[in-house]
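*Asks:* Contents of work.txt (compact mmCIF, C-alpha atoms) are given next:
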```
# COMPACT_ATOMS: atom_id res chain seq x y z
CA MET E 1 -31.10 -13.80 12.63
CA SER E 2 -28.50 -13.72 15.38
CA GLY E 3 -25.80 -13.31 12.73
CA LEU E 4 -27.65 -10.38 11.24
CA LEU E 5 -27.99 -8.76 14.65
CA ASP E 6 -24.29 -9.37 15.47
CA ALA E 7 -23.13 -7.69 12.28
CA ALA E 8 -25.33 -4.65 12.80
CA ILE E 9 -24.35 -4.32 16.46
CA LEU E 10 -20.64 -4.34 15.64
CA LEU E 11 -21.00 -1.37 13.32
CA ILE E 12 -22.42 0.73 16.18
CA PRO E 13 -19.13 1.11 18.14
CA LEU E 14 -17.23 1.78 14.91
CA ILE E 15 -19.56 4.54 13.79
CA THR E 16 -19.89 5.95 17.32
CA GLY E 17 -16.09 6.05 17.53
CA MET E 18 -15.82 7.85 14.19
CA THR E 19 -18.40 10.43 15.24
CA THR E 20 -16.68 10.97 18.61
CA GLY E 21 -13.30 11.27 16.91
CA TYR E 22 -14.63 13.76 14.40
CA LEU E 23 -16.28 15.90 17.08
CA THR E 24 -13.27 15.92 19.40
CA ARG E 25 -10.81 16.41 16.55
CA GLY E 26 -7.59 18.19 17.53
CA ARG E 27 -8.06 17.57 21.25
CA LYS E 28 -5.89 14.94 22.88
CA ILE E 29 -7.95 13.36 25.62
CA PHE E 30 -6.03 10.20 26.50
CA ASN E 31 -3.32 7.97 25.13
CA ALA E 32 -5.48 5.99 22.71
CA GLY E 33 -2.52 4.07 21.26
CA LYS E 34 -1.87 2.32 24.58
CA VAL E 35 -5.54 1.47 25.10
CA VAL E 36 -5.70 0.07 21.55
CA SER E 37 -2.69 -2.18 22.26
CA VAL E 38 -4.33 -3.51 25.43
CA ALA E 39 -7.63 -4.10 23.61
CA ILE E 40 -5.83 -5.95 20.80
CA LEU E 41 -3.90 -8.18 23.20
CA LEU E 42 -7.07 -8.98 25.19
CA LEU E 43 -8.86 -9.78 21.95
CA ILE E 44 -6.07 -12.03 20.66
CA PHE E 45 -5.80 -13.80 24.02
CA SER E 46 -9.52 -14.53 24.13
CA LEU E 47 -9.50 -15.63 20.48
CA GLY E 48 -6.69 -18.03 21.38
CA PHE E 49 -8.64 -19.15 24.44
CA SER E 50 -11.70 -20.09 22.42
CA ILE E 51 -9.58 -21.82 19.76
CA GLY E 52 -7.64 -23.75 22.44
CA SER E 53 -10.75 -24.90 24.26
CA ASN E 54 -12.36 -26.13 21.04
CA THR E 55 -10.99 -29.66 20.55
CA GLU E 56 -12.90 -30.19 17.29
CA LEU E 57 -11.26 -27.11 15.82
CA LEU E 58 -7.78 -28.18 16.96
CA ALA E 59 -8.31 -31.48 15.15
CA VAL E 60 -8.99 -29.79 11.78
CA MET E 61 -6.07 -27.34 12.07
CA PRO E 62 -3.86 -29.08 9.46
CA LYS E 63 -6.71 -28.72 6.95
CA VAL E 64 -7.09 -25.04 7.89
CA GLY E 65 -3.42 -24.50 7.01
CA MET E 66 -4.01 -25.84 3.49
CA TYR E 67 -7.09 -23.61 3.09
CA ALA E 68 -5.06 -20.63 4.28
CA ILE E 69 -2.36 -21.13 1.66
CA VAL E 70 -4.87 -21.44 -1.20
CA LEU E 71 -6.93 -18.40 -0.11
CA LEU E 72 -3.85 -16.25 0.50
CA THR E 73 -2.31 -17.14 -2.86
CA MET E 74 -5.56 -16.32 -4.67
CA ALA E 75 -6.05 -13.03 -2.79
CA LEU E 76 -2.49 -11.90 -3.49
CA PHE E 77 -2.62 -12.94 -7.14
CA PHE E 78 -5.88 -11.14 -7.92
CA SER E 79 -4.98 -8.03 -5.89
CA THR E 80 -1.78 -7.62 -7.87
CA LEU E 81 -3.54 -8.38 -11.15
CA PHE E 82 -6.31 -5.83 -10.55
CA VAL E 83 -3.85 -3.16 -9.45
CA LYS E 84 -1.82 -3.73 -12.63
CA ALA E 85 -5.01 -3.39 -14.69
CA VAL E 86 -5.99 -0.15 -12.93
CA ARG E 87 -2.54 1.31 -13.51
CA LYS E 88 -2.79 0.50 -17.21
CA LEU E 89 -6.25 2.08 -17.38
CA VAL E 90 -5.67 5.36 -15.53
CA LYS E 91 -1.86 5.64 -15.68
CA ILE E 92 -1.07 6.16 -11.99
CA MET A 1 3.47 -4.50 19.69
CA MET A 2 3.90 -6.97 16.83
CA LYS A 3 6.23 -9.15 18.90
CA TYR A 4 3.56 -9.66 21.58
CA ILE A 5 0.82 -10.86 19.24
CA LEU A 6 1.93 -14.42 18.53
CA PRO A 7 3.02 -15.19 22.12
CA THR A 8 -0.34 -13.82 23.33
CA LEU A 9 -2.23 -16.01 20.84
CA ALA A 10 -0.15 -19.05 21.84
CA LEU A 11 -0.73 -18.30 25.53
CA GLY A 12 -4.46 -17.97 24.90
CA ILE A 13 -4.60 -21.29 23.02
CA LEU A 14 -2.63 -22.99 25.80
CA ALA A 15 -4.83 -21.47 28.52
CA GLY A 16 -7.99 -22.49 26.65
CA TYR A 17 -6.65 -26.01 26.10
CA LEU A 18 -5.63 -26.44 29.74
CA ASN A 19 -8.89 -24.97 30.98
CA ASN A 20 -10.80 -27.40 28.78
CA SER A 21 -8.96 -30.33 30.34
CA PHE A 22 -8.67 -29.23 33.97
CA GLY A 23 -10.60 -25.98 34.48
CA THR A 24 -14.22 -24.88 34.56
CA PRO A 25 -16.65 -23.99 31.73
CA LEU A 26 -17.25 -20.67 33.51
CA LEU A 27 -13.73 -19.44 32.65
CA ASN A 28 -14.36 -20.42 29.04
CA THR A 29 -17.55 -18.33 28.94
CA ILE A 30 -15.78 -15.37 30.53
CA PHE A 31 -12.90 -15.33 28.05
CA SER A 32 -14.51 -16.71 24.88
CA GLU A 33 -17.60 -14.52 25.18
CA HIS A 34 -17.38 -11.60 27.63
CA VAL A 35 -13.72 -10.55 27.35
CA PHE A 36 -13.84 -11.24 23.62
CA ASN A 37 -16.96 -9.15 22.95
CA PHE A 38 -15.86 -6.35 25.22
CA SER A 39 -12.42 -5.96 23.66
CA LEU A 40 -13.79 -6.28 20.11
CA ILE A 41 -16.32 -3.50 20.73
CA ALA A 42 -13.68 -1.35 22.47
CA LEU A 43 -11.25 -1.86 19.58
CA LEU A 44 -13.79 -0.97 16.90
CA PHE A 45 -14.77 2.16 18.84
CA LEU A 46 -11.14 3.24 19.31
CA MET A 47 -10.16 2.59 15.68
CA GLY A 48 -13.10 4.67 14.48
CA LEU A 49 -12.15 7.41 16.92
CA LEU A 50 -8.48 7.45 15.88
CA PHE A 51 -9.28 7.53 12.16
CA ALA A 52 -11.73 10.37 12.39
CA ALA A 53 -9.57 12.34 14.83
CA ASP A 54 -6.45 12.19 12.66
CA LYS A 55 -6.47 15.32 10.52
CA GLN A 56 -3.28 14.34 8.69
CA SER A 57 -4.47 11.00 7.38
CA MET A 58 -7.70 12.45 6.01
CA GLY A 59 -5.83 15.42 4.54
CA GLN A 60 -3.32 13.19 2.78
CA ILE A 61 -6.07 11.38 0.95
CA ARG A 62 -7.77 14.62 0.00
CA LYS A 63 -4.47 15.98 -1.29
CA ALA A 64 -3.93 13.01 -3.53
CA LYS A 65 -6.46 13.10 -6.30
CA LEU A 66 -9.60 11.03 -6.24
CA LYS A 67 -8.23 8.54 -8.76
CA ILE A 68 -5.85 7.31 -6.09
CA LEU A 69 -8.88 5.63 -4.51
CA LEU A 70 -9.02 3.29 -7.51
CA PHE A 71 -5.95 1.66 -6.07
CA PRO A 72 -7.47 0.31 -2.82
CA LEU A 73 -10.64 -0.47 -4.77
CA ALA A 74 -8.61 -2.73 -7.06
CA VAL A 75 -6.94 -4.37 -4.04
CA ALA A 76 -10.33 -4.90 -2.37
CA LEU A 77 -11.91 -6.37 -5.50
CA GLY A 78 -8.81 -8.49 -6.06
CA SER A 79 -8.89 -9.85 -2.51
CA LEU A 80 -12.62 -10.62 -2.72
CA SER A 81 -12.18 -12.31 -6.11
CA GLY A 82 -9.31 -14.30 -4.63
CA GLY A 83 -11.58 -15.42 -1.79
CA PHE A 84 -14.32 -16.32 -4.24
CA ILE A 85 -12.06 -18.34 -6.57
CA GLY A 86 -10.21 -19.89 -3.62
CA GLY A 87 -13.57 -20.89 -2.13
CA LEU A 88 -14.55 -22.46 -5.46
CA ILE A 89 -11.28 -24.41 -5.67
CA LEU A 90 -11.55 -25.66 -2.08
CA ARG A 91 -15.32 -26.27 -2.35
CA ILE A 92 -15.99 -24.33 0.84
CA ASP A 93 -18.50 -21.59 1.73
CA MET A 94 -17.60 -18.84 -0.78
CA LEU A 95 -18.99 -15.93 1.22
CA ALA A 96 -17.04 -16.98 4.30
CA ALA A 97 -13.90 -17.44 2.18
CA MET A 98 -14.42 -13.92 0.83
CA GLY A 99 -14.90 -12.68 4.41
CA VAL A 100 -11.58 -14.28 5.35
CA CYS A 101 -9.83 -12.42 2.52
CA ALA A 102 -11.70 -9.17 3.30
CA GLY A 103 -9.42 -8.58 6.29
CA TYR A 104 -6.93 -7.26 3.69
CA GLY A 105 -4.08 -8.26 6.02
CA TRP A 106 -5.52 -6.76 9.22
CA TYR A 107 -5.40 -10.02 11.18
CA THR A 108 -6.02 -8.62 14.65
CA LEU A 109 -9.42 -7.47 13.45
CA ALA A 110 -10.23 -10.08 10.80
CA GLY A 111 -9.62 -13.12 13.05
CA PRO A 112 -12.00 -12.12 15.84
CA LEU A 113 -14.57 -10.39 13.60
CA VAL A 114 -14.85 -13.25 11.10
CA GLY A 115 -14.92 -15.68 14.04
CA GLN A 116 -17.80 -13.78 15.55
CA LEU A 117 -19.81 -13.49 12.34
CA PHE A 118 -19.04 -16.71 10.44
CA GLY A 119 -17.92 -19.12 13.18
CA LEU A 120 -14.76 -19.89 15.09
CA GLU A 121 -13.09 -22.10 12.45
CA TRP A 122 -13.40 -19.25 9.94
CA GLY A 123 -11.97 -16.87 12.52
CA ALA A 124 -8.90 -19.04 12.93
CA LEU A 125 -8.54 -19.20 9.14
CA ALA A 126 -8.94 -15.42 8.84
CA PHE A 127 -6.26 -14.86 11.45
CA ILE A 128 -3.80 -17.16 9.67
CA VAL A 129 -4.51 -15.87 6.13
CA ASN A 130 -4.24 -12.20 7.10
CA PHE A 131 -1.25 -12.73 9.37
CA LEU A 132 0.57 -14.51 6.54
CA ARG A 133 -0.40 -11.67 4.21
CA GLU A 134 1.44 -9.17 6.39
CA LEU A 135 4.35 -11.55 6.94
CA PHE A 136 4.66 -12.31 3.23
CA THR A 137 4.58 -8.61 2.32
CA THR A 138 7.30 -7.90 4.87
CA VAL A 139 9.53 -10.68 3.62
CA ALA A 140 8.86 -10.64 -0.12
CA THR A 141 8.62 -6.93 -0.97
CA ALA A 142 12.26 -6.83 -2.06
CA ILE A 143 11.56 -9.52 -4.69
CA VAL A 144 7.98 -8.69 -5.66
CA VAL A 145 8.89 -5.08 -6.44
CA LYS A 146 10.72 -6.41 -9.51
CA VAL A 147 7.44 -7.69 -10.94
CA ASP A 148 5.71 -4.33 -10.57
CA LYS A 149 6.65 -1.23 -8.61
CA TYR A 150 3.22 -1.18 -6.96
CA ALA A 151 2.75 -4.94 -6.52
CA PRO A 152 3.90 -4.86 -2.86
CA ILE A 153 1.23 -2.25 -2.09
CA ALA A 154 -1.39 -4.53 -3.64
CA MET A 155 -0.15 -7.45 -1.56
CA GLY A 156 0.20 -5.48 1.66
CA GLY A 157 -3.48 -4.49 1.62
CA ALA A 158 -4.47 -2.70 4.83
CA THR A 159 -1.01 -3.12 6.34
CA THR A 160 0.59 -0.57 4.00
CA MET A 161 -0.53 2.34 6.19
CA ASP A 162 1.59 1.26 9.16
CA THR A 163 3.44 -2.03 9.62
CA THR A 164 4.70 -2.58 6.07
CA LEU A 165 4.92 1.11 5.08
CA PRO A 166 8.63 1.53 5.91
CA ILE A 167 9.59 -1.58 3.92
CA ILE A 168 7.47 -0.56 0.95
CA MET A 169 8.94 2.95 0.90
CA HIS A 170 12.42 1.50 1.13
CA TYR A 171 12.04 -0.84 -1.83
CA CYS A 172 9.38 0.86 -3.98
CA GLY A 173 10.62 4.42 -3.54
CA GLN A 174 9.69 7.44 -1.42
CA ASP A 175 7.17 8.56 -4.05
CA THR A 176 4.96 5.58 -3.23
CA LEU A 177 4.27 6.95 0.27
CA ILE A 178 0.96 8.63 -0.50
CA ILE A 179 -0.43 5.75 -2.56
CA ALA A 180 0.75 3.16 -0.02
CA PHE A 181 -0.59 5.11 2.94
CA SER A 182 -3.93 6.07 1.42
CA SER A 183 -4.47 2.57 0.05
CA GLY A 184 -3.74 1.00 3.44
CA PHE A 185 -5.87 3.59 5.20
CA THR A 186 -8.86 3.11 2.90
CA LEU A 187 -8.62 -0.68 3.14
CA THR A 188 -8.35 -0.53 6.94
CA MET A 189 -11.52 1.54 7.01
CA ALA A 190 -13.20 -0.81 4.54
CA ALA A 191 -12.28 -4.12 6.24
CA PRO A 192 -14.88 -4.13 9.06
CA PHE A 193 -17.59 -2.90 6.69
CA THR A 194 -16.75 -5.50 4.02
CA ILE A 195 -16.65 -8.38 6.52
CA THR A 196 -19.94 -7.40 8.19
CA GLY A 197 -21.47 -6.72 4.75
CA LEU A 198 -20.56 -10.22 3.55
CA SER A 199 -22.00 -11.74 6.71
CA LEU A 200 -25.22 -9.80 6.17
CA ILE A 201 -25.48 -11.33 2.67
CA ALA A 202 -24.62 -14.78 4.06
CA HIS A 203 -27.40 -14.70 6.66
```
Turn this file's structure into C-alpha cells for me.
*Replies:*
Amino acid sequence: MSGLLDAAILLIPLITGMTTGYLTRGRKIFNAGKVVSVAILLLIFSLGFSIGSNTELLAVMPKVGMYAIVLLTMALFFSTLFVKAVRKLVKI
Amino acid sequence: MMKYILPTLALGILAGYLNNSFGTPLLNTIFSEHVFNFSLIALLFLMGLLFAADKQSMGQIRKAKLKILLFPLAVALGSLSGGFIGGLILRIDMLAAMGVCAGYGWYTLAGPLVGQLFGLEWGALAFIVNFLRELFTTVATAIVVKVDKYAPIAMGGATTMDTTLPIIMHYCGQDTLIIAFSSGFTLTMAAPFTITGLSLIAH
C-alpha cells in the first residue's frame, strides 16, 4: 500500500509542474536550469548517502554489477531491434 | 554538470559510509529520507515545468509527423522487453528489472525513483544501468552507426535530447536531429510515468 501511495504522490509534482509550465509559458520567472542542477546534485548526494550507509547493499555490489551488464545489454539489443523493425514497417 | 555527478555520488557514498561507522542515525534520516524526498519532488516539478514551458520542443514534435512517435515507442518497448528478458535470465523480479530499464538512460531520475519505489538495491542498479547506457552511447556511437544509421538513437534512449545529441548528429547526420530530439524528449517524458506505472502493477 505504501508503494502504491508513493507512486501516486510522485506524479503530483510532475503534473503540477507541467500545468504551471503550460500556464506561465513564454514568461521567464527564474533561472530554472540552475535550480535543476542543484536539485539533481542534492538528489545524487542523498542517493549516495543511503547507499553508503547500507552495509548489506555494499556487500552485494559486485553482484549488482553483473546484473547491470546483463540488463543493459538486453535493453540495448531489443531497443535497436525494435527500431529496425519499425523503420522497415513505416519507412522512416 | 555531467562532471559533478560521479564525484557527488562518490562523496555521498563516502559520507553515508563514514556516518554509519562514526556518526548518528539522525543524519542518515535527514539525508536518506528528507533531503532525498525533497529534491526528488522538486526535480519532478521543475522537469514538468520546463517541458511544458518550452514552446520549441513541443513545436518540433508537432512539426515532425505523428509517425515519428513510433520511434520512441519502439525504444520504450525494446527497453522494457530487455528488462523482462534480462530479469528472466537473471531470475530476479521481472517488474523491477523492467523498471530499471525504464529509465531509458536518464540515470539521475531512474536511480532515485526506482530506489524509492522498488527498494534501494534496485535504485543502485537503475543508476548504474542507465548511467552506462549514456556512457556507452557516447563512446560507441561512432561504431554502432555502421550497424544502422538510427541504432545510436535507439541506444541513447532519453539522452538523445540533450547529452548525446551532439555526438549523434555528428556521426548519424544533421538530418537525424528531429528524430533524435523528439525520441529523447518523448522518452524523457515517459520515463517517470513508466517507472511509477510498473511499480503500481508490482504492488
*Asks:* Would you pick out the contacts of region 108-113 of chain A at 10 Å or less, using only C-alpha atoms, so that residues sharing its chain but fewer than 2 positions from it are not included, and give the list as a PyMOL selection string?
*Replies:* (chain E and resi 6-7+10+40-41+43-44+46-48) or (chain A and resi 5+36-37+39-40+43-44+99-106+115-131+188+191-192+195-196)
*Asks:* Contacts of Phe82 (chain E) at 12 Å or less, counting all atoms listed in the file, minus same-chain residues fewer than 4 places along, as a ChimeraX atom specification?
*Replies:* /E:75-78,86-89 /A:70-82,150-151,153-155
*Asks:* Give me the residues within 9 Å of Ser50 (chain E) as a list in words, counting all atoms listed in the file and dropping any in the same chain fewer than 4 places off.
*Replies:* Phe45, Ser46 and Asn54 of chain E; Gly12, Ile13, Gly16, Tyr17, Asn28, Thr29, Phe31, Ser32, Glu33 and Leu120 of chain A
*Asks:* To one decimal in Å, tell me the separation between CA of Ile92 (chain A) and CA of Phe193 (chain A).
*Replies:*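 Computed distance, CA of Ile92 (chain A) to CA of Phe193 (chain A), equals 22.3 Å.
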*Asks:* Counting only C-alpha atoms, which residue out of A:Phe22, A:Phe38, A:Phe51, A:Phe84 sits closest to Thr24 (chain E)?
*Replies:* A:Phe51
*Asks:* To one decimal in Å, tell me the separation between CA of Leu14 (chain E) and CA of Gly48 (chain A).
*Replies:*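 Between these atoms lies a distance of 5.1 Å.
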*Asks:* Go through A:Ala190, A:Ile30, A:Val147, A:Leu200 one by one, measure the shortest atom-to-atom distance of each to chain E using only C-alpha atoms, and give the residue with the smallest value.
*Replies:* A:Leu200
*Asks:* Quick one: residues within 10 Å of Gly156 (chain A), only C-alpha atoms, excluding same-chain residues fewer than 2 positions away - as a PyMOL selection string?
*Replies:* (chain E and resi 76+79-80) or (chain A and resi 75+104-106+130+133-138+141+151-154+158-161+163-165+168+180+183-184)
